[in-house]
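Trainee: Below are the structure tokens for one structure; questions will follow.
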Amino acid sequence: YESGGFLIISPAILQRDLLTGSLLSGRIAGFVIHDAHRQRENAPESFILRLYRASNKTGFIKGFSCSPEVINAGFHTVEKIMRWIFVSSLSLWPRFHQSIANELDANPPEVIELHQPLSPRLVAIQDAIVACVEIFGKDLKKASRNSIDTSDLTKKTIMSSAFDEMIARQLDSIWHSTSQRTRALIADLKTLRRVLQYSIRLNCVDFYRYLESR
């Protein structure tokens, strides 16, 4: 912290350091929130920003999101997210903006990419999960032809983080009349995608513990 600069810190560590006084809010110039559309009122990030704003009224807070379909879903979603992260203004930018391209061309970032190969057993686990996703996706197409637009229901879209929002947007008004089988398939696909994500996010012990808890 004393050396300054741009730091990427997990919410748990930052929350502890702010509460214990290891990091003073007055020393923080500002926050940049990645995937701001994922923020919730009771999220750790919201609590951290509340602590920060309570003692630092001049620091900046900026949230970024590349998922406009998530922000458009629901009722007053944009206003809620802005309130949760203490942001008062909204800017909408196209995905490819010439001024951004010019800035990056003038100051190209130095990117160092490290790749850790997966173990054979983990590759086998992921292949099995993807196979299950394909089977469940086909079943979902058959079970929900009259309630879900299945034209975009491919393995790629199911595995994407926007799948839940896409399904929720289509079924929001008719969820009460959706069959139990369709609901179960959607929940199972969500679980499978979470298992796939956890397979590379968690260490082997925590991943095994998660599987045993299901």
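We name chains A, B, ... following the order of the structure tokens; residues begin at 1 in each chain, and ligands are numbered from 1 as shown.
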Find the residues around segment 125-132 of chain A up to 9 Å (only C-alpha atoms counted), leave out those fewer than 4 positions away in its own chain, and share them as a list in words.

Mentor: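 After dropping sequence-adjacent residues, the list is Pro120, Arg121, Phe136, Gly137, Lys155, Met159, Leu189, Leu192, Arg193, Val195, Leu196 and Ser199 of chain A.
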
Trainee: Per DSSP on the backbone, what are the helix (DSSP H, G or I) residues of segment 38-171 of chain A, as a count of residues only?

Mentor: 76

Trainee: What's around Phe207 of chain A at 12 Å? Count only C-alpha atoms, leave out sequence neighbours fewer than 4 positions away in its own chain, and write the answer as a PDB file with all heavy atoms, in the first residue's frame.

Mentor:
ATOM      1  N   LEU A 122      -8.243 -33.346 -14.826  1.00  0.00           N
ATOM      2  CA  LEU A 122      -9.100 -32.164 -14.889  1.00  0.00           C
ATOM      3  C   LEU A 122      -9.671 -31.991 -16.293  1.00  0.00           C
ATOM      4  O   LEU A 122     -10.826 -31.590 -16.456  1.00  0.00           O
ATOM      5  CB  LEU A 122      -8.324 -30.919 -14.474  1.00  0.00           C
ATOM      6  CG  LEU A 122      -9.138 -29.616 -14.398  1.00  0.00           C
ATOM      7  CD1 LEU A 122     -10.362 -29.795 -13.517  1.00  0.00           C
ATOM      8  CD2 LEU A 122      -8.272 -28.473 -13.875  1.00  0.00           C
ATOM      9  N   ILE A 125     -12.546 -34.287 -16.484  1.00  0.00           N
ATOM     10  CA  ILE A 125     -13.693 -33.747 -15.743  1.00  0.00           C
ATOM     11  C   ILE A 125     -14.419 -32.699 -16.571  1.00  0.00           C
ATOM     12  O   ILE A 125     -15.655 -32.707 -16.684  1.00  0.00           O
ATOM     13  CB  ILE A 125     -13.222 -33.162 -14.398  1.00  0.00           C
ATOM     14  CG1 ILE A 125     -12.766 -34.275 -13.462  1.00  0.00           C
ATOM     15  CG2 ILE A 125     -14.338 -32.340 -13.751  1.00  0.00           C
ATOM     16  CD1 ILE A 125     -12.154 -33.760 -12.173  1.00  0.00           C
ATOM     17  N   ARG A 194     -21.462 -23.669 -13.110  1.00  0.00           N
ATOM     18  CA  ARG A 194     -20.730 -23.277 -11.910  1.00  0.00           C
ATOM     19  C   ARG A 194     -19.638 -24.295 -11.582  1.00  0.00           C
ATOM     20  O   ARG A 194     -18.523 -23.934 -11.208  1.00  0.00           O
ATOM     21  CB  ARG A 194     -21.690 -23.144 -10.731  1.00  0.00           C
ATOM     22  CG  ARG A 194     -21.017 -22.604  -9.473  1.00  0.00           C
ATOM     23  CD  ARG A 194     -21.968 -22.505  -8.311  1.00  0.00           C
ATOM     24  NE  ARG A 194     -23.061 -21.582  -8.585  1.00  0.00           N
ATOM     25  CZ  ARG A 194     -24.335 -21.960  -8.684  1.00  0.00           C
ATOM     26  NH1 ARG A 194     -24.666 -23.223  -8.551  1.00  0.00           N
ATOM     27  NH2 ARG A 194     -25.259 -21.064  -8.928  1.00  0.00           N
ATOM     28  N   VAL A 195     -19.956 -25.584 -11.752  1.00  0.00           N
ATOM     29  CA  VAL A 195     -18.964 -26.625 -11.505  1.00  0.00           C
ATOM     30  C   VAL A 195     -17.776 -26.465 -12.460  1.00  0.00           C
ATOM     31  O   VAL A 195     -16.612 -26.609 -12.061  1.00  0.00           O
ATOM     32  CB  VAL A 195     -19.585 -28.027 -11.661  1.00  0.00           C
ATOM     33  CG1 VAL A 195     -18.509 -29.115 -11.622  1.00  0.00           C
ATOM     34  CG2 VAL A 195     -20.608 -28.285 -10.564  1.00  0.00           C
ATOM     35  N   LEU A 196     -18.072 -26.154 -13.715  1.00  0.00           N
ATOM     36  CA  LEU A 196     -16.997 -25.956 -14.686  1.00  0.00           C
ATOM     37  C   LEU A 196     -16.113 -24.777 -14.308  1.00  0.00           C
ATOM     38  O   LEU A 196     -14.882 -24.841 -14.415  1.00  0.00           O
ATOM     39  CB  LEU A 196     -17.596 -25.756 -16.077  1.00  0.00           C
ATOM     40  CG  LEU A 196     -16.596 -25.678 -17.239  1.00  0.00           C
ATOM     41  CD1 LEU A 196     -15.854 -26.997 -17.386  1.00  0.00           C
ATOM     42  CD2 LEU A 196     -17.309 -25.330 -18.542  1.00  0.00           C
ATOM     43  N   GLN A 197     -16.723 -23.690 -13.835  1.00  0.00           N
ATOM     44  CA  GLN A 197     -15.955 -22.517 -13.421  1.00  0.00           C
ATOM     45  C   GLN A 197     -15.112 -22.823 -12.188  1.00  0.00           C
ATOM     46  O   GLN A 197     -13.937 -22.448 -12.109  1.00  0.00           O
ATOM     47  CB  GLN A 197     -16.902 -21.349 -13.140  1.00  0.00           C
ATOM     48  CG  GLN A 197     -17.622 -20.832 -14.376  1.00  0.00           C
ATOM     49  CD  GLN A 197     -18.700 -19.824 -14.036  1.00  0.00           C
ATOM     50  OE1 GLN A 197     -19.063 -19.654 -12.877  1.00  0.00           O
ATOM     51  NE2 GLN A 197     -19.235 -19.155 -15.038  1.00  0.00           N
ATOM     52  N   TYR A 198     -15.713 -23.521 -11.241  1.00  0.00           N
ATOM     53  CA  TYR A 198     -14.999 -23.836 -10.006  1.00  0.00           C
ATOM     54  C   TYR A 198     -13.851 -24.814 -10.245  1.00  0.00           C
ATOM     55  O   TYR A 198     -12.901 -24.849  -9.463  1.00  0.00           O
ATOM     56  CB  TYR A 198     -15.961 -24.431  -8.978  1.00  0.00           C
ATOM     57  CG  TYR A 198     -16.860 -23.416  -8.323  1.00  0.00           C
ATOM     58  CD1 TYR A 198     -17.851 -23.806  -7.425  1.00  0.00           C
ATOM     59  CD2 TYR A 198     -16.729 -22.053  -8.582  1.00  0.00           C
ATOM     60  CE1 TYR A 198     -18.678 -22.882  -6.813  1.00  0.00           C
ATOM     61  CE2 TYR A 198     -17.557 -21.128  -7.989  1.00  0.00           C
ATOM     62  CZ  TYR A 198     -18.534 -21.553  -7.101  1.00  0.00           C
ATOM     63  OH  TYR A 198     -19.348 -20.624  -6.505  1.00  0.00           O
ATOM     64  N   SER A 199     -13.929 -25.598 -11.315  1.00  0.00           N
ATOM     65  CA  SER A 199     -12.883 -26.582 -11.575  1.00  0.00           C
ATOM     66  C   SER A 199     -11.527 -25.924 -11.827  1.00  0.00           C
ATOM     67  O   SER A 199     -10.482 -26.551 -11.612  1.00  0.00           O
ATOM     68  CB  SER A 199     -13.266 -27.463 -12.765  1.00  0.00           C
ATOM     69  OG  SER A 199     -13.255 -26.725 -13.979  1.00  0.00           O
ATOM     70  N   ILE A 200     -11.534 -24.674 -12.284  1.00  0.00           N
ATOM     71  CA  ILE A 200     -10.272 -23.974 -12.529  1.00  0.00           C
ATOM     72  C   ILE A 200     -10.050 -22.838 -11.537  1.00  0.00           C
ATOM     73  O   ILE A 200      -8.941 -22.324 -11.429  1.00  0.00           O
ATOM     74  CB  ILE A 200     -10.191 -23.420 -13.972  1.00  0.00           C
ATOM     75  CG1 ILE A 200     -11.378 -22.498 -14.278  1.00  0.00           C
ATOM     76  CG2 ILE A 200     -10.135 -24.559 -14.971  1.00  0.00           C
ATOM     77  CD1 ILE A 200     -11.318 -21.849 -15.637  1.00  0.00           C
ATOM     78  N   ARG A 201     -11.094 -22.443 -10.810  1.00  0.00           N
ATOM     79  CA  ARG A 201     -10.935 -21.368  -9.828  1.00  0.00           C
ATOM     80  C   ARG A 201     -10.470 -21.899  -8.471  1.00  0.00           C
ATOM     81  O   ARG A 201      -9.690 -21.238  -7.783  1.00  0.00           O
ATOM     82  CB  ARG A 201     -12.257 -20.619  -9.642  1.00  0.00           C
ATOM     83  CG  ARG A 201     -12.661 -19.737 -10.808  1.00  0.00           C
ATOM     84  CD  ARG A 201     -13.917 -18.975 -10.465  1.00  0.00           C
ATOM     85  NE  ARG A 201     -14.370 -18.149 -11.572  1.00  0.00           N
ATOM     86  CZ  ARG A 201     -15.464 -17.386 -11.538  1.00  0.00           C
ATOM     87  NH1 ARG A 201     -16.189 -17.352 -10.438  1.00  0.00           N
ATOM     88  NH2 ARG A 201     -15.816 -16.670 -12.582  1.00  0.00           N
ATOM     89  N   LEU A 202     -10.969 -23.067  -8.085  1.00  0.00           N
ATOM     90  CA  LEU A 202     -10.679 -23.604  -6.765  1.00  0.00           C
ATOM     91  C   LEU A 202      -9.505 -24.571  -6.817  1.00  0.00           C
ATOM     92  O   LEU A 202      -9.231 -25.180  -7.855  1.00  0.00           O
ATOM     93  CB  LEU A 202     -11.911 -24.329  -6.205  1.00  0.00           C
ATOM     94  CG  LEU A 202     -13.209 -23.513  -6.096  1.00  0.00           C
ATOM     95  CD1 LEU A 202     -14.330 -24.386  -5.550  1.00  0.00           C
ATOM     96  CD2 LEU A 202     -13.008 -22.289  -5.226  1.00  0.00           C
ATOM     97  N   ASN A 203      -8.848 -24.721  -5.683  1.00  0.00           N
ATOM     98  CA  ASN A 203      -7.837 -25.773  -5.603  1.00  0.00           C
ATOM     99  C   ASN A 203      -8.540 -27.124  -5.494  1.00  0.00           C
ATOM    100  O   ASN A 203      -9.755 -27.191  -5.281  1.00  0.00           O
ATOM    101  CB  ASN A 203      -6.898 -25.537  -4.420  1.00  0.00           C
ATOM    102  CG  ASN A 203      -7.635 -25.521  -3.082  1.00  0.00           C
ATOM    103  OD1 ASN A 203      -8.252 -26.502  -2.685  1.00  0.00           O
ATOM    104  ND2 ASN A 203      -7.563 -24.391  -2.381  1.00  0.00           N
ATOM    105  N   LEU A 211     -18.027 -30.397  -4.518  1.00  0.00           N
ATOM    106  CA  LEU A 211     -18.749 -31.494  -5.150  1.00  0.00           C
ATOM    107  C   LEU A 211     -19.435 -32.378  -4.114  1.00  0.00           C
ATOM    108  O   LEU A 211     -20.566 -32.832  -4.325  1.00  0.00           O
ATOM    109  CB  LEU A 211     -17.784 -32.328  -6.008  1.00  0.00           C
ATOM    110  CG  LEU A 211     -17.181 -31.636  -7.229  1.00  0.00           C
ATOM    111  CD1 LEU A 211     -16.206 -32.568  -7.929  1.00  0.00           C
ATOM    112  CD2 LEU A 211     -18.251 -31.158  -8.193  1.00  0.00           C
ATOM    113  N   GLU A 212     -18.762 -32.618  -3.005  1.00  0.00           N
ATOM    114  CA  GLU A 212     -19.333 -33.467  -1.959  1.00  0.00           C
ATOM    115  C   GLU A 212     -20.515 -32.801  -1.267  1.00  0.00           C
ATOM    116  O   GLU A 212     -21.378 -33.474  -0.711  1.00  0.00           O
ATOM    117  CB  GLU A 212     -18.256 -33.803  -0.915  1.00  0.00           C
ATOM    118  CG  GLU A 212     -17.225 -34.808  -1.405  1.00  0.00           C
ATOM    119  CD  GLU A 212     -17.830 -36.181  -1.603  1.00  0.00           C
ATOM    120  OE1 GLU A 212     -18.337 -36.765  -0.628  1.00  0.00           O
ATOM    121  OE2 GLU A 212     -17.806 -36.669  -2.751  1.00  0.00           O
ATOM    122  N   SER A 213     -20.559 -31.471  -1.320  1.00  0.00           N
ATOM    123  CA  SER A 213     -21.645 -30.741  -0.647  1.00  0.00           C
ATOM    124  C   SER A 213     -22.902 -30.632  -1.486  1.00  0.00           C
ATOM    125  O   SER A 213     -23.946 -30.222  -0.981  1.00  0.00           O
ATOM    126  CB  SER A 213     -21.171 -29.326  -0.272  1.00  0.00           C
ATOM    127  OG  SER A 213     -20.951 -28.546  -1.456  1.00  0.00           O
ATOM    128  N   ARG A 214     -22.808 -30.980  -2.762  1.00  0.00           N
ATOM    129  CA  ARG A 214     -23.966 -30.851  -3.635  1.00  0.00           C
ATOM    130  C   ARG A 214     -24.943 -32.006  -3.437  1.00  0.00           C
ATOM    131  O   ARG A 214     -24.546 -33.126  -3.174  1.00  0.00           O
ATOM    132  CB  ARG A 214     -23.521 -30.803  -5.113  1.00  0.00           C
ATOM    133  CG  ARG A 214     -22.568 -29.672  -5.439  1.00  0.00           C
ATOM    134  CD  ARG A 214     -23.095 -28.329  -5.013  1.00  0.00           C
ATOM    135  NE  ARG A 214     -24.296 -27.968  -5.708  1.00  0.00           N
ATOM    136  CZ  ARG A 214     -25.049 -26.910  -5.447  1.00  0.00           C
ATOM    137  NH1 ARG A 214     -24.729 -26.110  -4.449  1.00  0.00           N
ATOM    138  NH2 ARG A 214     -26.130 -26.646  -6.135  1.00  0.00           N
TER     139      ARG A 214
END

Trainee: May I ask which of the residues A:Glu103, A:Pro11, A:Leu18, A:Asn56 is the closest one to Ala43 of chain A, counting only C-alpha atoms?

Mentor: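 So, comparing all the options, the nearest one is A:Pro11.
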
Trainee: From the options A:Ile112, A:Ala101, A:Ala36, A:Ala29, which residue's atoms come nearest to Arg83 of chain A, counting only C-alpha atoms?

Mentor: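 The answer is A:Ala36, which sits nearest to Arg83 of chain A.
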